[in-house]
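Student: I have a structure here, written as structure tokens, and I will follow up with some questions on it.
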Amino acid sequence: MQQDIVTRAKAWLAEDPDADTRAELAALIDAGDLDALTERFSGTLQFGTAGLRGELGAGPMRMNRAVVIRAAAGLAAYLKARGDGGGLVVVGYDARYKSADFARDTVAVMTGAGLRAAVLPRPLPTPVLAFAVRHLGAVAGVEVTASHNPPRDNGYKVYLGDGSQIVPPSDGEIAAEIAAVGPLAGVPRPEDGWETLGDEVLDAYLARTDTVLTAGSPRTVRVVHTALHGVGTETLLAAFARAGFPAPTPVAEQADPDPAFPTVAFPNPEEPGAMDLAFATARRVRPDLIIANDPDADRCAVAVPDESAESAEGAEGGAGAGWRTLRGDELGVLLAAHLVNKGATGTFAASIVSSSLLGRIAEAAGVGYEETLTGFKWIARVENLRYGYEEALGYCVDPGGVRDKDGITAALLVAELASELKSQGRTLDDLLDDLALAHGLHATDQLSVRVTDLSLIADAMRRLRERPPVTLAGLSVVSAEDLNEGGALPPTDGLRYVLEGDGYRARVVVRPSGTEPKIKCYLEVVVAVPSRGALASTRASAMGVLSSLKRDVAGAAGLR
């Protein structure tokens with residue numbers, strides 16, 4: 001077995017096109033580091049509905065040029081097999097390590113396979129690529145990005161001609177074509193022949209962003225913005241300028257792309273500490289809102305002023321003092337309520353891990369509602385989609401332009417909503433209170449456990465299946481559903497529980513993350529609010545139940 005690993009490593013080294021990963025691999029072989037070699041050659045990165053995503057490095061279990069070339073060749077073969085061999089493939093990329101190299105390899109492979117290929121002019125937000133697929137009439141698009149993953153990661157996201165991400169069976173068919181790719185020497189990669197696009201696609205995207213706003217609406221809200229060292233600053237500032245909002249104040253330390261993400265542990269607005277510099281900037285300039293994008297700007301986070309001693313980020317004097325970051329579900333229902341008030345029609349959609357409040361808002365407004373599996377690849381396929389969101393800060397507010405989550409247009413829409421409320425002497429928190437009074441308080445939280453040993457995730461899922469809980473947080477489990485068995489939705493690895501008791505209704509969904517080494521538990525507690533004066537006490541009581549629910553779910557899954 002050990003000799004086999006070394007033999008495979010040497011064969012990989014012989015055809016590796018990248019000097020960096022060749023040097024890395026040669027050093028490991030020379031050192032006889034069998035543990036490191038086994039990590040890299042014990043299998044292959046699996047191409048699925050999230051495309052590819054993994055740590056940079058040499059070997060088939062890492063993201064590197066050899067893996068990307070094979071992925072591009074497999075995608076080209078898939079497109080040709082289904083009759084799209086004469087079509088255009090458009091490629092975008094973020095500012096992570098190796099992203100530009102992976103994008104260039106992709107257009108080279110597509111050109112060598114006889115397809116037309118075009119690459120965006122520089123690192124740009126993922127929504128610009130998703131827009132470009134439909135705008136240019138492409139048969140497919142590729143975005144090189146690892147989104148909000150750690151700095152050492154990169155990824156490869158595939159869109160088909162409808163502008164949405166791949167779902168089964170396309171992912172399996174592409175994976176089969178990738179597996180059939182032979183030696184890299186047999187994959188033609190010419191030095192030219194593709195098109196490098198100018199700013200015309202970005203300009204068209206920016207022109208489209210205006211359409212999410214109502215003509216003549218108030219646009220007075222003052223914003224602090226952080227791109228978290230990603231590619232969102234330029235595009236968001238341009239969109240806000242076109243729309244006539246005051247120029248957002250960038251968080252200077254995080255405004256420019258930097259693949260090292262030096263000021264954050266994880267470049268994700270949901271992670272502790274990621275918003276600290278934005279809070280510090282906000283305390284200095286005193287804006288109405290903080291808006292954060294993740295590194296490829298397809299997600300949007302919002303923080304609101306909170307002068308209470310106990311904000312979501314910590315007590316007064318702490319990093320988040322004076323500010324509270326809205327949960328993804330809170331922003332999701334705020335945007336939905338705003339669209340309803342603007343007269344939006346069509347179908348509203350959310351994934352099974354998002355708040356059930358969206359369904360109540362849709363029902364009250366007389367618009368359609370649909371629940372999907374986790375991921376925008378599923379939300380984007382909802383028929384007659386008008387609005388879709390997922391609690392992980394993903395919002396699709398213009399499916400006619402970008403049939404995916406888009407952190408730029410979501411930022412514009414929440415800025416418009418905040419401006420309208422500001423003109424009435426009201427805030428986003430006031431609107432959240434209105435929704436709680438009308439539909440019940442929907443409190444949500446998440447237990448997310450990052451692991452280095454992936455077997456711990458499988459163990460937790462197995463434990464819950466073999467010993468399902470009957471009570472959690474003092475509430476009775478009235479329904480337990482193994483999502484792997486399918487039903488109304490396609491099968492997926494997950495468990496869903498519905499609980500009731502003492503006037504509360506709760507929901508728990510447990511699933512492995514599709515993009516990170518995490519197990520995630522999504523929690524919701526719903527309770528009626530008897531009066532506006534009872535909002536604070538009802539919220540405090542619901543948060544207590546939510547805290548107990550988190551503790552008991554962790555115990556049931558063996559995660560404590």
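Identifiers for the structure tokens are assigned positionally: chains receive A, B, ... in sequence, residues are indexed from 1 per chain, and ligands are indexed from 1 in the order shown.
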Quick one: pick out all strand (DSSP E or B) residues within region 247-374 of chain A from a backbone DSSP run and write them as a PyMOL selection string.
Tutor: chain A and resi 249-250+289-293+299-306+310-311+314-315+322-325+347-351+368-372
Student: For the residues selected in the previous step, produce a file with N, CA and C atoms as a CSV table (one decimal), in the first residue's frame.
Tutor:
```
chain,number,residue,atom,x,y,z
A,249,THR,N,-19.2,53.8,3.4
A,249,THR,CA,-17.8,53.9,4.0
A,249,THR,C,-17.2,52.5,4.0
A,250,PRO,N,-16.2,52.2,3.3
A,250,PRO,CA,-15.6,50.9,3.3
A,250,PRO,C,-14.8,50.7,4.6
A,289,LEU,N,-26.5,51.5,9.0
A,289,LEU,CA,-26.4,50.1,8.8
A,289,LEU,C,-25.0,49.7,8.6
A,290,ILE,N,-24.6,48.5,8.9
A,290,ILE,CA,-23.4,47.8,8.4
A,290,ILE,C,-23.8,46.7,7.4
A,291,ILE,N,-23.2,46.7,6.3
A,291,ILE,CA,-23.4,45.6,5.3
A,291,ILE,C,-22.1,44.9,5.1
A,292,ALA,N,-22.1,43.6,5.1
A,292,ALA,CA,-20.9,42.8,4.9
A,292,ALA,C,-21.2,41.8,3.7
A,293,ASN,N,-20.3,41.7,2.8
A,293,ASN,CA,-20.3,40.6,1.9
A,293,ASN,C,-19.3,39.5,2.2
A,299,ARG,N,-23.1,36.5,-0.8
A,299,ARG,CA,-23.8,36.5,0.5
A,299,ARG,C,-23.8,38.0,1.0
A,300,CYS,N,-24.8,38.2,1.8
A,300,CYS,CA,-25.0,39.6,2.4
A,300,CYS,C,-25.4,39.4,3.9
A,301,ALA,N,-24.6,40.1,4.7
A,301,ALA,CA,-25.0,40.2,6.2
A,301,ALA,C,-25.2,41.7,6.5
A,302,VAL,N,-26.1,41.9,7.5
A,302,VAL,CA,-26.5,43.2,7.9
A,302,VAL,C,-26.4,43.3,9.4
A,303,ALA,N,-25.9,44.4,9.9
A,303,ALA,CA,-25.9,44.7,11.4
A,303,ALA,C,-26.6,46.0,11.6
A,304,VAL,N,-27.3,46.1,12.7
A,304,VAL,CA,-28.1,47.3,13.0
A,304,VAL,C,-27.7,47.8,14.3
A,305,PRO,N,-27.9,49.1,14.5
A,305,PRO,CA,-27.6,49.7,15.8
A,305,PRO,C,-28.3,49.1,17.0
A,306,ASP,N,-27.6,48.8,18.1
A,306,ASP,CA,-28.2,48.2,19.2
A,306,ASP,C,-27.5,48.8,20.5
A,310,GLU,N,-26.4,44.4,26.1
A,310,GLU,CA,-26.1,43.1,25.7
A,310,GLU,C,-26.5,42.9,24.2
A,311,SER,N,-25.6,43.3,23.3
A,311,SER,CA,-25.8,43.0,21.9
A,311,SER,C,-25.4,41.6,21.6
A,314,GLY,N,-21.7,40.9,22.1
A,314,GLY,CA,-21.1,41.0,23.4
A,314,GLY,C,-21.5,42.2,24.1
A,315,ALA,N,-21.2,42.2,25.4
A,315,ALA,CA,-21.6,43.3,26.2
A,315,ALA,C,-20.9,44.6,25.9
A,322,GLY,N,-22.9,48.1,20.8
A,322,GLY,CA,-23.6,49.1,20.1
A,322,GLY,C,-24.2,48.6,18.8
A,323,TRP,N,-23.9,47.3,18.4
A,323,TRP,CA,-24.4,46.8,17.1
A,323,TRP,C,-24.9,45.3,17.3
A,324,ARG,N,-25.8,45.0,16.5
A,324,ARG,CA,-26.3,43.6,16.5
A,324,ARG,C,-26.4,43.1,15.0
A,325,THR,N,-25.8,42.0,14.8
A,325,THR,CA,-25.8,41.4,13.4
A,325,THR,C,-27.1,40.6,13.3
A,347,THR,N,-43.6,33.1,-6.8
A,347,THR,CA,-43.4,32.1,-5.7
A,347,THR,C,-42.2,32.6,-4.9
A,348,PHE,N,-42.4,32.6,-3.5
A,348,PHE,CA,-41.4,32.8,-2.6
A,348,PHE,C,-40.9,31.4,-2.1
A,349,ALA,N,-39.6,31.3,-2.0
A,349,ALA,CA,-39.0,29.9,-1.6
A,349,ALA,C,-37.9,30.1,-0.6
A,350,ALA,N,-37.8,29.0,0.2
A,350,ALA,CA,-36.7,28.9,1.2
A,350,ALA,C,-36.4,27.5,1.4
A,351,SER,N,-35.2,27.2,1.9
A,351,SER,CA,-34.8,25.8,2.1
A,351,SER,C,-35.3,25.3,3.4
A,368,GLY,N,-47.3,32.5,-3.8
A,368,GLY,CA,-46.9,31.1,-3.6
A,368,GLY,C,-45.7,30.9,-2.7
A,369,TYR,N,-45.6,29.7,-2.2
A,369,TYR,CA,-44.5,29.4,-1.3
A,369,TYR,C,-44.1,28.0,-1.5
A,370,GLU,N,-42.7,27.8,-1.6
A,370,GLU,CA,-42.2,26.4,-1.8
A,370,GLU,C,-41.0,26.2,-0.9
A,371,GLU,N,-40.9,25.0,-0.3
A,371,GLU,CA,-39.8,24.6,0.5
A,371,GLU,C,-38.9,23.7,-0.3
A,372,THR,N,-37.6,23.9,-0.2
A,372,THR,CA,-36.6,23.1,-1.0
A,372,THR,C,-35.5,22.5,-0.1
```
Student: Could you name the residues that touch region 128-142 of chain A at 7 Å or less, counting only C-alpha atoms, but leaving out those on the same chain fewer than 2 positions away, as a list in words?
Tutor: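 In the requested form, the answer reads Asp84, Gly87, Leu88, Val89, Val90, Val91, Gly92, Leu124, Pro125, Thr126, Val144, Tyr156, Lys157, Val158, Tyr159, Leu160, Gly161, Asp162, Gly163, Val201, Leu202, Tyr205, Gly401 and Val402 of chain A.
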Student: Can you pull out the residues contacting Gly186 (chain A)? Cut-off 12 Å, using only C-alpha atoms, and skip same-chain residues under 2 positions away; I want them as a list in words.
Tutor: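 So, after excluding close chain neighbours, the residues are Glu15, Ile69, Arg70, Ala73, Val109, Gly112, Ala113, Ala180, Val181, Gly182, Pro183, Leu184, Pro188 and Arg189 of chain A.
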Student: Can you write just those residues out, C-alpha atoms, as a PDB file, in the first residue's frame?
Tutor:
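Generated file (part.pdb):
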```
ATOM      1  CA  GLU A  15       2.484  15.387 -15.389  1.00  0.00           C
ATOM      2  CA  ILE A  69      -7.765  20.684 -15.983  1.00  0.00           C
ATOM      3  CA  ARG A  70      -9.432  17.291 -15.586  1.00  0.00           C
ATOM      4  CA  ALA A  73     -12.056  18.467 -19.725  1.00  0.00           C
ATOM      5  CA  VAL A 109      -9.280  23.433 -22.072  1.00  0.00           C
ATOM      6  CA  GLY A 112      -8.884  23.047 -27.023  1.00  0.00           C
ATOM      7  CA  ALA A 113     -12.090  20.995 -26.956  1.00  0.00           C
ATOM      8  CA  ALA A 180     -12.840   9.172 -17.982  1.00  0.00           C
ATOM      9  CA  VAL A 181     -10.210  11.850 -18.709  1.00  0.00           C
ATOM     10  CA  GLY A 182      -6.865  10.226 -19.517  1.00  0.00           C
ATOM     11  CA  PRO A 183      -3.347  11.627 -19.101  1.00  0.00           C
ATOM     12  CA  LEU A 184      -3.100  15.410 -19.041  1.00  0.00           C
ATOM     13  CA  PRO A 188      -5.327  20.107 -25.573  1.00  0.00           C
ATOM     14  CA  ARG A 189      -4.613  23.462 -23.920  1.00  0.00           C
TER      15      ARG A 189
END
```
Student: Env of Leu417 (chain A): 9 Å cut, atoms = only C-alpha atoms, seq-sep filter 6 positions within chain, self excluded. Answer as a ChimeraX atom specification.
Tutor: /A:218-219,334-335,338,428
Student: Save out the residues we just selected, C-alpha atoms, as a short mmCIF file (atom, residue, chain, number, x, y, z; two decimals), in the first residue's frame.
Tutor:
```cif
data_model
loop_
_atom_site.label_atom_id
_atom_site.label_comp_id
_atom_site.auth_asym_id
_atom_site.auth_seq_id
_atom_site.Cartn_x
_atom_site.Cartn_y
_atom_site.Cartn_z
CA PRO A 218 -36.06 56.99 -0.43
CA ARG A 219 -32.31 56.33 -0.64
CA LEU A 334 -37.37 41.48 6.15
CA LEU A 335 -36.58 41.35 2.44
CA HIS A 338 -40.41 44.51 1.70
CA LEU A 428 -35.55 47.23 10.73
#
```
Student: Could you give me, as CSV, every region 387-483 of chain A residue with an atom at most 12 Å from region 270-279 of chain A, plus its closest atom pair and distance in Å to one decimal, counting only C-alpha atoms, rows ordered by chain then number?
Tutor:
```
residue,atom,partner,partner_atom,distance
A:Glu391,CA,A:Glu270,CA,10.5
A:Ala392,CA,A:Glu270,CA,8.0
A:Leu393,CA,A:Glu270,CA,8.4
A:Gly394,CA,A:Glu270,CA,11.8
A:Asp445,CA,A:Glu270,CA,11.6
A:Gln446,CA,A:Glu270,CA,10.6
A:Ser448,CA,A:Glu271,CA,10.3
A:Val449,CA,A:Glu271,CA,11.9
A:Arg450,CA,A:Glu271,CA,11.6
```
Student: How would you write, as a PyMOL selection string, the set of residues in region 461-499 of chain A that DSSP gives as helix (DSSP H, G or I)?
Tutor: chain A and resi 461-466+483-485
Student: Point out the residue among A:Pro151, A:Ser355, A:Arg286, A:Ile361 with the least atom-to-atom distance to Asp258 (chain A), counting only C-alpha atoms.
Tutor: A:Pro151
Student: When distances are computed from only C-alpha atoms, which of A:Val382, A:Leu75, A:Ala95, A:Ala204 shows the smallest separation from Val107 (chain A)?
Tutor: A:Leu75
Student: What is the distance between CA of Thr444 (chain A) and CA of Leu523 (chain A), in Å to one decimal?
Tutor: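 Taking CA of Thr444 (chain A) and CA of Leu523 (chain A), their separation equals 5.5 Å.
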Student: Can you measure CA of Asp192 (chain A) to CA of Met63 (chain A) for me? One decimal in Å is fine.
Tutor: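 The value is 23.8 Å.
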Student: What does the distance between CA of Ile178 (chain A) and CA of Pro491 (chain A) come to in Å, to one decimal place?
Tutor: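 Between CA of Ile178 (chain A) and CA of Pro491 (chain A) the gap is 24.2 Å.
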Student: Given the choices A:Tyr78, A:Ala557, A:Leu197, A:Asp502, which gets closest to Ala179 (chain A) if the distance is worked out from only C-alpha atoms?
Tutor: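 That would be A:Tyr78, the residue with the smallest distance to Ala179 (chain A).
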Student: Considering only C-alpha atoms, state which residue in the set A:Ala336, A:Leu472, A:Leu52, A:Ala534 is at the smallest distance from Leu437 (chain A).
Tutor: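 Using only C-alpha atoms, Leu437 (chain A) sits closest to A:Ala534.
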Student: When you look at Gly244 (chain A) with a cut-off of 9 Å (counting only C-alpha atoms), what residues show up, excluding the ones that are within fewer than 3 positions of it in the same chain? I need them as a list of chain:residue names.
Tutor: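 So the residues in contact are A:Arg219, A:Thr220, A:Ala239, A:Phe240, A:Ala241, A:Ala247.
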Student: Keeping all heavy atoms for every residue in the selection just given, could you write it to a file as a PDB file, in the first residue's frame?
Tutor:
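As written to disk, part_10.pdb reads:
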```pdb
ATOM      1  N   ARG A 219     -33.634  56.961  -0.570  1.00  0.00           N
ATOM      2  CA  ARG A 219     -32.307  56.333  -0.640  1.00  0.00           C
ATOM      3  C   ARG A 219     -31.325  57.138   0.203  1.00  0.00           C
ATOM      4  O   ARG A 219     -30.343  57.684  -0.292  1.00  0.00           O
ATOM      5  CB  ARG A 219     -31.848  56.225  -2.097  1.00  0.00           C
ATOM      6  CG  ARG A 219     -32.848  55.388  -2.900  1.00  0.00           C
ATOM      7  CD  ARG A 219     -32.542  55.158  -4.317  1.00  0.00           C
ATOM      8  NE  ARG A 219     -33.709  54.560  -4.959  1.00  0.00           N
ATOM      9  CZ  ARG A 219     -33.760  54.212  -6.233  1.00  0.00           C
ATOM     10  NH1 ARG A 219     -32.708  54.405  -7.016  1.00  0.00           N
ATOM     11  NH2 ARG A 219     -34.857  53.686  -6.742  1.00  0.00           N
ATOM     12  N   THR A 220     -31.633  57.210   1.469  1.00  0.00           N
ATOM     13  CA  THR A 220     -30.874  58.087   2.362  1.00  0.00           C
ATOM     14  C   THR A 220     -30.005  57.338   3.360  1.00  0.00           C
ATOM     15  O   THR A 220     -29.236  57.973   4.082  1.00  0.00           O
ATOM     16  CB  THR A 220     -31.846  58.967   3.159  1.00  0.00           C
ATOM     17  OG1 THR A 220     -32.726  58.124   3.922  1.00  0.00           O
ATOM     18  CG2 THR A 220     -32.678  59.845   2.235  1.00  0.00           C
ATOM     19  N   ALA A 239     -22.729  49.976  -7.559  1.00  0.00           N
ATOM     20  CA  ALA A 239     -24.176  49.771  -7.534  1.00  0.00           C
ATOM     21  C   ALA A 239     -24.858  50.819  -6.665  1.00  0.00           C
ATOM     22  O   ALA A 239     -25.915  51.365  -7.042  1.00  0.00           O
ATOM     23  CB  ALA A 239     -24.501  48.366  -7.033  1.00  0.00           C
ATOM     24  N   PHE A 240     -24.281  51.128  -5.516  1.00  0.00           N
ATOM     25  CA  PHE A 240     -24.868  52.135  -4.642  1.00  0.00           C
ATOM     26  C   PHE A 240     -24.811  53.523  -5.290  1.00  0.00           C
ATOM     27  O   PHE A 240     -25.739  54.322  -5.146  1.00  0.00           O
ATOM     28  CB  PHE A 240     -24.171  52.130  -3.288  1.00  0.00           C
ATOM     29  CG  PHE A 240     -24.810  51.209  -2.286  1.00  0.00           C
ATOM     30  CD1 PHE A 240     -24.853  49.841  -2.513  1.00  0.00           C
ATOM     31  CD2 PHE A 240     -25.369  51.697  -1.129  1.00  0.00           C
ATOM     32  CE1 PHE A 240     -25.443  48.974  -1.598  1.00  0.00           C
ATOM     33  CE2 PHE A 240     -25.974  50.855  -0.201  1.00  0.00           C
ATOM     34  CZ  PHE A 240     -26.010  49.481  -0.444  1.00  0.00           C
ATOM     35  N   ALA A 241     -23.727  53.803  -6.000  1.00  0.00           N
ATOM     36  CA  ALA A 241     -23.621  55.102  -6.672  1.00  0.00           C
ATOM     37  C   ALA A 241     -24.668  55.237  -7.773  1.00  0.00           C
ATOM     38  O   ALA A 241     -25.329  56.284  -7.895  1.00  0.00           O
ATOM     39  CB  ALA A 241     -22.214  55.273  -7.249  1.00  0.00           C
ATOM     40  N   ALA A 247     -22.545  57.374  -0.562  1.00  0.00           N
ATOM     41  CA  ALA A 247     -21.447  56.419  -0.763  1.00  0.00           C
ATOM     42  C   ALA A 247     -21.163  55.664   0.528  1.00  0.00           C
ATOM     43  O   ALA A 247     -20.905  56.287   1.570  1.00  0.00           O
ATOM     44  CB  ALA A 247     -20.196  57.151  -1.227  1.00  0.00           C
TER      45      ALA A 247
END
```
